[in-house]
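Here is the file entry-v4.cif (mmCIF, C-alpha atoms and all ligand atoms).
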```
data_start
loop_
_atom_site.group_PDB
_atom_site.id
_atom_site.type_symbol
_atom_site.label_atom_id
_atom_site.label_comp_id
_atom_site.auth_asym_id
_atom_site.auth_seq_id
_atom_site.Cartn_x
_atom_site.Cartn_y
_atom_site.Cartn_z
ATOM 1 C CA MET A 172 32.505 -34.933 34.836
ATOM 2 C CA VAL A 173 30.294 -31.833 35.151
ATOM 3 C CA THR A 174 31.653 -29.065 32.939
ATOM 4 C CA ASN A 175 31.915 -25.425 33.917
ATOM 5 C CA THR A 176 29.283 -24.555 31.288
ATOM 6 C CA THR A 177 26.774 -26.994 32.736
ATOM 7 C CA ASN A 178 27.477 -25.807 36.290
ATOM 8 C CA HIS A 179 26.260 -22.320 35.543
ATOM 9 C CA GLU A 180 23.453 -22.954 33.066
ATOM 10 C CA ALA A 181 20.925 -21.392 35.465
ATOM 11 C CA ASP A 182 22.926 -18.131 35.447
ATOM 12 C CA ARG A 183 22.832 -17.967 31.656
ATOM 13 C CA PRO A 184 19.298 -18.935 30.553
ATOM 14 C CA PHE A 185 19.410 -17.226 27.130
ATOM 15 C CA LEU A 186 22.873 -18.601 26.370
ATOM 16 C CA THR A 187 21.747 -22.094 27.319
ATOM 17 C CA ARG A 188 18.835 -21.763 24.866
ATOM 18 C CA ALA A 189 21.134 -20.295 22.192
ATOM 19 C CA TYR A 190 23.320 -23.403 22.088
ATOM 20 C CA LYS A 191 20.246 -25.658 21.788
ATOM 21 C CA LEU A 192 18.639 -23.875 18.822
ATOM 22 C CA SER A 193 17.215 -26.198 16.203
ATOM 23 C CA GLY A 194 16.186 -23.853 13.395
ATOM 24 C CA VAL A 195 15.948 -20.360 11.999
ATOM 25 C CA ASP A 196 12.505 -19.542 13.480
ATOM 26 C CA GLU A 197 13.667 -20.571 16.942
ATOM 27 C CA ALA A 198 16.826 -18.456 16.522
ATOM 28 C CA ARG A 199 14.825 -15.396 15.455
ATOM 29 C CA ASP A 200 12.465 -15.757 18.443
ATOM 30 C CA LEU A 201 15.289 -16.231 20.933
ATOM 31 C CA TYR A 202 17.315 -13.234 19.758
ATOM 32 C CA ASN A 203 14.257 -10.977 19.513
ATOM 33 C CA GLU A 204 13.537 -11.861 23.131
ATOM 34 C CA TRP A 205 17.176 -11.476 24.242
ATOM 35 C CA ALA A 206 17.859 -8.167 22.431
ATOM 36 C CA ALA A 207 16.951 -5.842 25.339
ATOM 37 C CA THR A 208 19.360 -7.465 27.821
ATOM 38 C CA TYR A 209 21.939 -9.057 25.471
ATOM 39 C CA ASP A 210 24.652 -6.390 25.876
ATOM 40 C CA GLN A 211 24.315 -6.388 29.654
ATOM 41 C CA ASP A 212 24.393 -10.203 29.858
ATOM 42 C CA LEU A 213 27.388 -10.546 27.554
ATOM 43 C CA ALA A 214 29.424 -7.976 29.491
ATOM 44 C CA ASP A 215 28.727 -9.749 32.799
ATOM 45 C CA PRO A 216 31.633 -11.881 34.137
ATOM 46 C CA SER A 217 29.379 -14.956 33.835
ATOM 47 C CA HIS A 218 29.691 -14.479 30.039
ATOM 48 C CA ASP A 219 32.672 -12.123 29.436
ATOM 49 C CA TRP A 220 32.235 -11.901 25.635
ATOM 50 C CA VAL A 221 35.765 -11.085 24.474
ATOM 51 C CA ALA A 222 35.294 -12.302 20.877
ATOM 52 C CA PRO A 223 34.143 -8.990 19.306
ATOM 53 C CA ALA A 224 37.132 -6.957 20.496
ATOM 54 C CA LEU A 225 39.618 -9.668 19.472
ATOM 55 C CA THR A 226 38.075 -10.115 16.027
ATOM 56 C CA ALA A 227 37.792 -6.368 15.359
ATOM 57 C CA ALA A 228 41.507 -6.066 16.219
ATOM 58 C CA ALA A 229 42.350 -8.916 13.819
ATOM 59 C CA LEU A 230 40.426 -7.264 10.950
ATOM 60 C CA LEU A 231 42.049 -3.874 11.595
ATOM 61 C CA ASP A 232 45.512 -5.458 11.809
ATOM 62 C CA PHE A 233 44.983 -6.952 8.351
ATOM 63 C CA PHE A 234 44.019 -3.611 6.809
ATOM 64 C CA SER A 235 46.626 -1.701 8.747
ATOM 65 C CA ASP A 236 49.235 -3.885 7.019
ATOM 66 C CA ALA A 237 47.498 -4.059 3.628
ATOM 67 C CA ASN A 238 45.651 -0.782 3.105
ATOM 68 C CA SER A 239 47.310 2.358 1.812
ATOM 69 C CA SER A 240 44.175 4.047 0.432
ATOM 70 C CA GLU A 241 42.233 6.600 2.461
ATOM 71 C CA THR A 242 38.901 5.751 0.810
ATOM 72 C CA PRO A 243 36.546 4.118 3.314
ATOM 73 C CA LEU A 244 36.793 0.358 3.549
ATOM 74 C CA GLN A 245 33.448 -1.271 2.829
ATOM 75 C CA ILE A 246 32.809 -3.680 5.706
ATOM 76 C CA LEU A 247 29.971 -6.155 6.241
ATOM 77 C CA ASP A 248 29.246 -7.215 9.840
ATOM 78 C CA ALA A 249 27.496 -10.524 9.181
ATOM 79 C CA GLY A 250 25.229 -11.479 12.080
ATOM 80 C CA CYS A 251 25.828 -8.076 13.682
ATOM 81 C CA GLY A 252 23.377 -8.610 16.537
ATOM 82 C CA THR A 253 23.151 -5.540 18.767
ATOM 83 C CA GLY A 254 26.204 -3.948 17.155
ATOM 84 C CA ILE A 255 28.928 -4.818 19.674
ATOM 85 C CA VAL A 256 31.313 -5.501 16.766
ATOM 86 C CA GLY A 257 30.528 -2.205 14.998
ATOM 87 C CA ALA A 258 31.122 -0.361 18.274
ATOM 88 C CA ALA A 259 34.420 -2.240 18.797
ATOM 89 C CA LEU A 260 35.595 -1.286 15.289
ATOM 90 C CA ALA A 261 34.680 2.366 15.896
ATOM 91 C CA LEU A 262 36.523 2.349 19.223
ATOM 92 C CA GLN A 263 39.677 0.584 18.042
ATOM 93 C CA THR A 264 40.207 2.116 14.594
ATOM 94 C CA PRO A 265 41.704 5.498 15.626
ATOM 95 C CA ALA A 266 44.244 3.857 17.939
ATOM 96 C CA ARG A 267 45.243 1.066 15.536
ATOM 97 C CA ASP A 268 45.469 3.080 12.333
ATOM 98 C CA PRO A 269 43.944 6.569 12.088
ATOM 99 C CA LYS A 270 44.272 6.379 8.276
ATOM 100 C CA ILE A 271 41.593 3.688 8.143
ATOM 101 C CA ASN A 272 38.024 4.844 7.437
ATOM 102 C CA THR A 273 35.153 2.384 7.364
ATOM 103 C CA ASP A 274 31.597 2.223 6.093
ATOM 104 C CA ILE A 275 29.994 -0.635 8.015
ATOM 105 C CA ASP A 276 26.827 -2.431 6.947
ATOM 106 C CA GLY A 277 25.180 -5.004 9.202
ATOM 107 C CA ILE A 278 22.907 -7.961 8.528
ATOM 108 C CA ASP A 279 21.105 -10.162 11.028
ATOM 109 C CA LEU A 280 18.122 -12.474 11.336
ATOM 110 C CA SER A 281 16.596 -10.656 14.296
ATOM 111 C CA THR A 282 14.877 -7.288 13.915
ATOM 112 C CA GLY A 283 15.027 -6.901 17.710
ATOM 113 C CA MET A 284 18.826 -7.150 17.650
ATOM 114 C CA LEU A 285 19.028 -4.801 14.628
ATOM 115 C CA ASP A 286 16.921 -2.189 16.450
ATOM 116 C CA VAL A 287 19.517 -2.117 19.236
ATOM 117 C CA ALA A 288 22.389 -2.011 16.701
ATOM 118 C CA ARG A 289 20.804 1.036 15.049
ATOM 119 C CA LYS A 290 21.214 2.996 18.277
ATOM 120 C CA THR A 291 25.027 2.516 18.272
ATOM 121 C CA GLY A 292 25.329 4.840 15.256
ATOM 122 C CA ALA A 293 28.196 2.618 14.030
ATOM 123 C CA TYR A 294 26.425 1.338 10.908
ATOM 124 C CA ARG A 295 25.677 2.877 7.497
ATOM 125 C CA ARG A 296 22.823 0.457 6.913
ATOM 126 C CA LEU A 297 21.254 -2.493 8.696
ATOM 127 C CA ASP A 298 19.170 -5.188 7.011
ATOM 128 C CA THR A 299 17.542 -8.465 7.895
ATOM 129 C CA ALA A 300 19.040 -11.538 6.228
ATOM 130 C CA ASP A 301 19.082 -15.274 6.805
ATOM 131 C CA MET A 302 22.681 -16.415 6.533
ATOM 132 C CA SER A 303 21.741 -20.090 6.422
ATOM 133 C CA GLY A 304 20.877 -19.550 2.733
ATOM 134 C CA SER A 305 22.584 -17.585 -0.023
ATOM 135 C CA LEU A 306 23.077 -13.837 0.440
ATOM 136 C CA GLU A 307 21.839 -13.227 -3.080
ATOM 137 C CA SER A 308 20.879 -9.587 -2.514
ATOM 138 C CA ILE A 309 24.591 -8.770 -2.086
ATOM 139 C CA GLU A 310 26.564 -8.599 -5.344
ATOM 140 C CA ASP A 311 29.886 -10.383 -5.906
ATOM 141 C CA GLY A 312 32.898 -8.344 -4.793
ATOM 142 C CA SER A 313 30.893 -5.755 -2.824
ATOM 143 C CA TYR A 314 33.027 -5.601 0.322
ATOM 144 C CA ASP A 315 36.652 -5.079 1.355
ATOM 145 C CA GLY A 316 36.006 -6.835 4.634
ATOM 146 C CA VAL A 317 33.570 -9.204 6.287
ATOM 147 C CA ILE A 318 33.492 -9.646 10.041
ATOM 148 C CA CYS A 319 31.404 -12.399 11.577
ATOM 149 C CA VAL A 320 31.488 -12.985 15.339
ATOM 150 C CA GLY A 321 29.586 -15.594 17.315
ATOM 151 C CA VAL A 322 27.398 -16.751 14.442
ATOM 152 C CA LEU A 323 29.259 -19.839 13.190
ATOM 153 C CA THR A 324 28.459 -21.740 16.323
ATOM 154 C CA GLN A 325 26.337 -24.503 17.800
ATOM 155 C CA GLY A 326 22.713 -24.258 16.566
ATOM 156 C CA HIS A 327 23.334 -21.155 14.449
ATOM 157 C CA VAL A 328 24.833 -20.857 10.940
ATOM 158 C CA GLY A 329 26.692 -23.675 9.153
ATOM 159 C CA PRO A 330 29.882 -23.568 7.081
ATOM 160 C CA GLY A 331 28.235 -22.861 3.703
ATOM 161 C CA VAL A 332 28.191 -19.142 4.472
ATOM 162 C CA LEU A 333 32.002 -19.085 4.250
ATOM 163 C CA ARG A 334 31.636 -19.572 0.476
ATOM 164 C CA GLU A 335 29.245 -16.634 0.411
ATOM 165 C CA PHE A 336 31.768 -14.482 2.292
ATOM 166 C CA SER A 337 34.412 -15.380 -0.278
ATOM 167 C CA ARG A 338 32.009 -14.464 -3.107
ATOM 168 C CA LEU A 339 31.084 -11.046 -1.786
ATOM 169 C CA LEU A 340 34.669 -9.986 -0.978
ATOM 170 C CA LYS A 341 36.823 -7.938 -3.347
ATOM 171 C CA THR A 342 40.175 -9.409 -4.367
ATOM 172 C CA GLY A 343 42.683 -8.483 -1.651
ATOM 173 C CA GLY A 344 39.917 -8.119 0.936
ATOM 174 C CA CYS A 345 39.544 -10.266 3.999
ATOM 175 C CA ALA A 346 37.090 -12.024 6.265
ATOM 176 C CA ALA A 347 37.690 -12.076 10.039
ATOM 177 C CA VAL A 348 35.509 -14.868 11.335
ATOM 178 C CA THR A 349 35.019 -16.793 14.565
ATOM 179 C CA VAL A 350 34.020 -20.452 14.708
ATOM 180 C CA ARG A 351 33.206 -22.190 17.972
ATOM 181 C CA GLU A 352 36.255 -24.370 18.482
ATOM 182 C CA ASP A 353 34.542 -27.582 19.516
ATOM 183 C CA ILE A 354 32.608 -27.749 16.218
ATOM 184 C CA TRP A 355 35.388 -26.449 13.919
ATOM 185 C CA GLU A 356 35.947 -29.944 12.519
ATOM 186 C CA SER A 357 32.696 -31.755 13.357
ATOM 187 C CA GLY A 358 30.564 -28.891 11.990
ATOM 188 C CA GLY A 359 32.369 -28.979 8.608
ATOM 189 C CA TYR A 360 33.924 -25.482 8.838
ATOM 190 C CA LYS A 361 37.500 -26.783 8.520
ATOM 191 C CA THR A 362 36.590 -28.732 5.373
ATOM 192 C CA VAL A 363 35.015 -25.674 3.698
ATOM 193 C CA VAL A 364 38.012 -23.453 4.536
ATOM 194 C CA GLU A 365 40.408 -26.090 3.164
ATOM 195 C CA GLY A 366 38.268 -26.402 0.032
ATOM 196 C CA LEU A 367 38.325 -22.636 -0.596
ATOM 197 C CA GLU A 368 42.095 -22.685 -0.078
ATOM 198 C CA LYS A 369 42.564 -25.550 -2.556
ATOM 199 C CA GLU A 370 40.425 -23.730 -5.120
ATOM 200 C CA GLY A 371 42.768 -20.719 -4.791
ATOM 201 C CA LYS A 372 39.978 -18.446 -3.569
ATOM 202 C CA ILE A 373 41.405 -17.651 -0.141
ATOM 203 C CA LYS A 374 44.632 -17.669 1.831
ATOM 204 C CA VAL A 375 44.444 -18.433 5.550
ATOM 205 C CA VAL A 376 46.345 -15.534 7.124
ATOM 206 C CA ARG A 377 45.465 -16.498 10.683
ATOM 207 C CA ASN A 378 43.908 -19.492 12.402
ATOM 208 C CA THR A 379 44.367 -19.278 16.153
ATOM 209 C CA SER A 380 42.601 -20.649 19.193
ATOM 210 C CA GLU A 381 41.296 -17.899 21.496
ATOM 211 C CA ASP A 382 38.983 -17.307 24.439
ATOM 212 C CA SER A 383 35.535 -16.393 23.175
ATOM 213 C CA LEU A 384 32.911 -16.453 25.924
ATOM 214 C CA ARG A 385 35.479 -16.448 28.698
ATOM 215 C CA GLY A 386 32.949 -16.621 31.547
ATOM 216 C CA ALA A 387 31.615 -19.908 30.174
ATOM 217 C CA SER A 388 35.069 -21.295 29.215
ATOM 218 C CA ILE A 389 34.108 -21.388 25.525
ATOM 219 C CA LYS A 390 36.916 -21.162 22.981
ATOM 220 C CA MET A 391 36.873 -20.116 19.342
ATOM 221 C CA LYS A 392 38.949 -20.352 16.204
ATOM 222 C CA LEU A 393 39.759 -16.847 15.026
ATOM 223 C CA LEU A 394 40.281 -16.933 11.267
ATOM 224 C CA VAL A 395 41.557 -14.210 8.990
ATOM 225 C CA LEU A 396 40.944 -15.247 5.372
ATOM 226 C CA GLU A 397 42.390 -13.155 2.556
ATOM 227 C CA ARG A 398 40.423 -13.173 -0.724
ATOM 228 C CA LEU A 399 42.777 -14.015 -3.592
HETATM 229 C C1 LIG B 401 25.797 -14.703 19.584
HETATM 230 S S1 LIG B 401 24.986 -13.494 18.608
HETATM 231 C C2 LIG B 401 26.390 -12.566 17.979
HETATM 232 C C3 LIG B 401 26.014 -11.148 17.638
HETATM 233 C C4 LIG B 401 27.181 -10.216 17.410
HETATM 234 N N1 LIG B 401 27.945 -10.612 16.244
HETATM 235 C C5 LIG B 401 28.068 -10.147 18.627
HETATM 236 O O1 LIG B 401 29.276 -10.404 18.501
HETATM 237 O O2 LIG B 401 27.579 -9.798 19.709
HETATM 238 C C6 LIG B 401 24.460 -14.413 17.194
HETATM 239 C C7 LIG B 401 23.716 -13.566 16.194
HETATM 240 O O3 LIG B 401 23.491 -14.375 15.035
HETATM 241 C C8 LIG B 401 22.208 -14.070 14.537
HETATM 242 N N2 LIG B 401 21.754 -15.210 13.738
HETATM 243 C C9 LIG B 401 21.453 -16.460 14.151
HETATM 244 N N3 LIG B 401 21.083 -17.228 13.115
HETATM 245 C C10 LIG B 401 21.157 -16.438 12.019
HETATM 246 C C11 LIG B 401 20.883 -16.636 10.629
HETATM 247 N N4 LIG B 401 20.448 -17.820 10.148
HETATM 248 N N5 LIG B 401 21.065 -15.598 9.780
HETATM 249 C C12 LIG B 401 21.489 -14.388 10.233
HETATM 250 N N6 LIG B 401 21.767 -14.133 11.530
HETATM 251 C C13 LIG B 401 21.600 -15.149 12.415
HETATM 252 C C14 LIG B 401 21.364 -13.822 15.770
HETATM 253 O O4 LIG B 401 20.181 -13.101 15.482
HETATM 254 C C15 LIG B 401 22.352 -13.081 16.663
HETATM 255 O O5 LIG B 401 22.244 -11.693 16.509
#
```
Once more with this new file: its structure as structure tokens, please.
Ligand SMILES: C[S@@+](CC[C@H](N)C(=O)[O-])C[C@H]1O[C@@H](n2cnc3c(N)ncnc32)[C@H](O)[C@@H]1O
Amino acid sequence: MVTNTTNHEADRPFLTRAYKLSGVDEARDLYNEWAATYDQDLADPSHDWVAPALTAAALLDFFSDANSSETPLQILDAGCGTGIVGAALALQTPARDPKINTDIDGIDLSTGMLDVARKTGAYRRLDTADMSGSLESIEDGSYDGVICVGVLTQGHVGPGVLREFSRLLKTGGCAAVTVREDIWESGGYKTVVEGLEKEGKIKVVRNTSEDSLRGASIKMKLLVLERL
């Protein structure tokens, strides 16, 4: 059977390349090349990238329930790309809970994507980082929240980074993370989440199946992981 994704590969040349990436250098090159048209492509009905808005809402729901302090929440947008997630957080926060203030930092492999993110004005700082290794420049317990959208996916970043997210969260903080659904088990993400749970490091507050790249019929797991 020919899948919907295959049918429209010609309409989505960058996306097709993105899911065939075989290493960090290839990923950096692709996203540097895609940066100028990424936002436009992802908003097009052929892509319909609904993951950032859904994940931003999930993170804000967690803090809306859990946060009583008015001091800014320290948030890391891991694999921030062009800043669609930072912009979604800025847009949704006043409506969801006007008491919530955020300082958002972003990291990404691609300087081209970070240059676009800088123009959103949503971020306090933006740095290059390779999330396939350890994020050693970030100290333990630095952030109240981590948000990571569209990065734990085919050809991108593996499950090891979930341990890093747990390390750099404060107790009581949370990570709102998407994982491409068809590699949730085969890619080892489920095993790492279960391991962190067994070790008493996290509690799985949410694990739901959602549309991600709706125009390409791609689904995601949307996880909200509380740091214990
Ligand atoms: C599909 S985009 C998602 C960007 C953004 N989070 C969004 O929702 O639009 C994937 C992002 O992951 C970044 N990326 C890929 N491999 C990476 C790695 N090893 N370390 C850090 N970022 C990486 C890419 O540069 C790209 O910006």
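Distance check against Glu180 (chain A) using all atoms listed in the file: of A:Ser217, A:Ser305, A:Ser380, A:Thr208, the minimum falls on A:Ser217.
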For this session: Evaluate the PyMOL selection byres (((chain A and resi 196) around 12) and not hetatm) and record the selected residues as a ChimeraX atom specification, following the chain and residue labels used in the document.
Result: /A:192-195,197-203,280-281,301,303,326-327
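Distance-wise, CA of Thr379 (chain A) and atom S1 of ligand LIG 401 (chain B) end up 20.4 Å apart.
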Problem set entry | the PyMOL selection byres (((chain A and resi 335) around 9) and not hetatm) resolved against shown file, as number ranges by chain | A: 302, 305-307, 311, 331-334, 336-340
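Counting only C-alpha atoms and all ligand atoms and comparing A:Arg377, A:Lys392, A:Arg351, A:Arg296, the residue that lies closest to ligand LIG 401 (chain B) is A:Arg351.
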For this session: Would you work out the distance separating CA of Ala228 (chain A) from CA of Arg188 (chain A), expressed in Å to one decimal?
Result: 28.9 Å
Could you give me region 207-218 of chain A completed to all heavy atoms, formatted as a PDB file, keeping the file's coordinate frame?
```
ATOM      1  N   ALA A 207      16.953  -6.946  24.357  1.00  0.00           N
ATOM      2  CA  ALA A 207      16.951  -5.842  25.339  1.00  0.00           C
ATOM      3  C   ALA A 207      18.024  -6.016  26.404  1.00  0.00           C
ATOM      4  O   ALA A 207      18.528  -5.025  26.945  1.00  0.00           O
ATOM      5  CB  ALA A 207      15.577  -5.746  25.990  1.00  0.00           C
ATOM      6  N   THR A 208      18.399  -7.256  26.719  1.00  0.00           N
ATOM      7  CA  THR A 208      19.360  -7.465  27.821  1.00  0.00           C
ATOM      8  C   THR A 208      20.661  -8.116  27.340  1.00  0.00           C
ATOM      9  O   THR A 208      21.540  -8.408  28.151  1.00  0.00           O
ATOM     10  CB  THR A 208      18.735  -8.374  28.909  1.00  0.00           C
ATOM     11  OG1 THR A 208      18.303  -9.602  28.287  1.00  0.00           O
ATOM     12  CG2 THR A 208      17.552  -7.697  29.582  1.00  0.00           C
ATOM     13  N   TYR A 209      20.777  -8.334  26.021  1.00  0.00           N
ATOM     14  CA  TYR A 209      21.939  -9.057  25.471  1.00  0.00           C
ATOM     15  C   TYR A 209      23.263  -8.385  25.844  1.00  0.00           C
ATOM     16  O   TYR A 209      24.182  -9.034  26.360  1.00  0.00           O
ATOM     17  CB  TYR A 209      21.781  -9.146  23.944  1.00  0.00           C
ATOM     18  CG  TYR A 209      22.923  -9.808  23.211  1.00  0.00           C
ATOM     19  CD1 TYR A 209      22.926 -11.183  22.986  1.00  0.00           C
ATOM     20  CD2 TYR A 209      23.993  -9.058  22.719  1.00  0.00           C
ATOM     21  CE1 TYR A 209      23.967 -11.787  22.294  1.00  0.00           C
ATOM     22  CE2 TYR A 209      25.035  -9.659  22.030  1.00  0.00           C
ATOM     23  CZ  TYR A 209      25.016 -11.022  21.820  1.00  0.00           C
ATOM     24  OH  TYR A 209      26.054 -11.616  21.138  1.00  0.00           O
ATOM     25  N   ASP A 210      23.372  -7.077  25.627  1.00  0.00           N
ATOM     26  CA  ASP A 210      24.652  -6.390  25.876  1.00  0.00           C
ATOM     27  C   ASP A 210      25.050  -6.506  27.347  1.00  0.00           C
ATOM     28  O   ASP A 210      26.206  -6.767  27.674  1.00  0.00           O
ATOM     29  CB  ASP A 210      24.561  -4.914  25.486  1.00  0.00           C
ATOM     30  CG  ASP A 210      24.547  -4.717  23.972  1.00  0.00           C
ATOM     31  OD1 ASP A 210      24.464  -5.726  23.239  1.00  0.00           O
ATOM     32  OD2 ASP A 210      24.619  -3.557  23.527  1.00  0.00           O
ATOM     33  N   GLN A 211      24.061  -6.306  28.208  1.00  0.00           N
ATOM     34  CA  GLN A 211      24.315  -6.388  29.654  1.00  0.00           C
ATOM     35  C   GLN A 211      24.745  -7.809  30.049  1.00  0.00           C
ATOM     36  O   GLN A 211      25.715  -7.995  30.771  1.00  0.00           O
ATOM     37  CB  GLN A 211      23.016  -6.016  30.358  1.00  0.00           C
ATOM     38  CG  GLN A 211      23.125  -5.673  31.808  1.00  0.00           C
ATOM     39  CD  GLN A 211      21.720  -5.443  32.371  1.00  0.00           C
ATOM     40  OE1 GLN A 211      20.833  -4.882  31.701  1.00  0.00           O
ATOM     41  NE2 GLN A 211      21.501  -5.895  33.574  1.00  0.00           N
ATOM     42  N   ASP A 212      24.043  -8.808  29.547  1.00  0.00           N
ATOM     43  CA  ASP A 212      24.393 -10.203  29.858  1.00  0.00           C
ATOM     44  C   ASP A 212      25.803 -10.542  29.377  1.00  0.00           C
ATOM     45  O   ASP A 212      26.586 -11.170  30.082  1.00  0.00           O
ATOM     46  CB  ASP A 212      23.421 -11.188  29.173  1.00  0.00           C
ATOM     47  CG  ASP A 212      22.058 -11.205  29.835  1.00  0.00           C
ATOM     48  OD1 ASP A 212      21.899 -10.555  30.886  1.00  0.00           O
ATOM     49  OD2 ASP A 212      21.148 -11.848  29.278  1.00  0.00           O
ATOM     50  N   LEU A 213      26.108 -10.131  28.154  1.00  0.00           N
ATOM     51  CA  LEU A 213      27.388 -10.546  27.554  1.00  0.00           C
ATOM     52  C   LEU A 213      28.584  -9.856  28.197  1.00  0.00           C
ATOM     53  O   LEU A 213      29.699 -10.369  28.156  1.00  0.00           O
ATOM     54  CB  LEU A 213      27.362 -10.290  26.034  1.00  0.00           C
ATOM     55  CG  LEU A 213      26.727 -11.355  25.116  1.00  0.00           C
ATOM     56  CD1 LEU A 213      27.757 -12.375  24.686  1.00  0.00           C
ATOM     57  CD2 LEU A 213      25.540 -12.076  25.712  1.00  0.00           C
ATOM     58  N   ALA A 214      28.337  -8.681  28.806  1.00  0.00           N
ATOM     59  CA  ALA A 214      29.424  -7.976  29.491  1.00  0.00           C
ATOM     60  C   ALA A 214      29.640  -8.519  30.909  1.00  0.00           C
ATOM     61  O   ALA A 214      30.688  -8.315  31.506  1.00  0.00           O
ATOM     62  CB  ALA A 214      29.103  -6.485  29.564  1.00  0.00           C
ATOM     63  N   ASP A 215      28.642  -9.224  31.437  1.00  0.00           N
ATOM     64  CA  ASP A 215      28.727  -9.749  32.799  1.00  0.00           C
ATOM     65  C   ASP A 215      29.840 -10.817  32.883  1.00  0.00           C
ATOM     66  O   ASP A 215      30.045 -11.571  31.930  1.00  0.00           O
ATOM     67  CB  ASP A 215      27.367 -10.386  33.157  1.00  0.00           C
ATOM     68  CG  ASP A 215      27.304 -10.795  34.607  1.00  0.00           C
ATOM     69  OD1 ASP A 215      26.950  -9.942  35.429  1.00  0.00           O
ATOM     70  OD2 ASP A 215      27.641 -11.968  34.913  1.00  0.00           O
ATOM     71  N   PRO A 216      30.562 -10.878  34.008  1.00  0.00           N
ATOM     72  CA  PRO A 216      31.633 -11.881  34.137  1.00  0.00           C
ATOM     73  C   PRO A 216      31.164 -13.318  33.910  1.00  0.00           C
ATOM     74  O   PRO A 216      31.962 -14.184  33.539  1.00  0.00           O
ATOM     75  CB  PRO A 216      32.134 -11.695  35.576  1.00  0.00           C
ATOM     76  CG  PRO A 216      31.749 -10.292  35.933  1.00  0.00           C
ATOM     77  CD  PRO A 216      30.495  -9.972  35.168  1.00  0.00           C
ATOM     78  N   SER A 217      29.867 -13.596  34.094  1.00  0.00           N
ATOM     79  CA  SER A 217      29.379 -14.956  33.835  1.00  0.00           C
ATOM     80  C   SER A 217      29.450 -15.300  32.347  1.00  0.00           C
ATOM     81  O   SER A 217      29.418 -16.467  31.960  1.00  0.00           O
ATOM     82  CB  SER A 217      27.932 -15.104  34.316  1.00  0.00           C
ATOM     83  OG  SER A 217      27.066 -14.258  33.562  1.00  0.00           O
ATOM     84  N   HIS A 218      29.540 -14.273  31.484  1.00  0.00           N
ATOM     85  CA  HIS A 218      29.691 -14.479  30.039  1.00  0.00           C
ATOM     86  C   HIS A 218      31.080 -13.987  29.581  1.00  0.00           C
ATOM     87  O   HIS A 218      31.829 -14.708  28.984  1.00  0.00           O
ATOM     88  CB  HIS A 218      28.611 -13.716  29.258  1.00  0.00           C
ATOM     89  CG  HIS A 218      27.222 -14.219  29.472  1.00  0.00           C
ATOM     90  ND1 HIS A 218      26.573 -14.122  30.678  1.00  0.00           N
ATOM     91  CD2 HIS A 218      26.342 -14.814  28.626  1.00  0.00           C
ATOM     92  CE1 HIS A 218      25.358 -14.654  30.573  1.00  0.00           C
ATOM     93  NE2 HIS A 218      25.193 -15.086  29.331  1.00  0.00           N
TER      94      HIS A 218
END
```
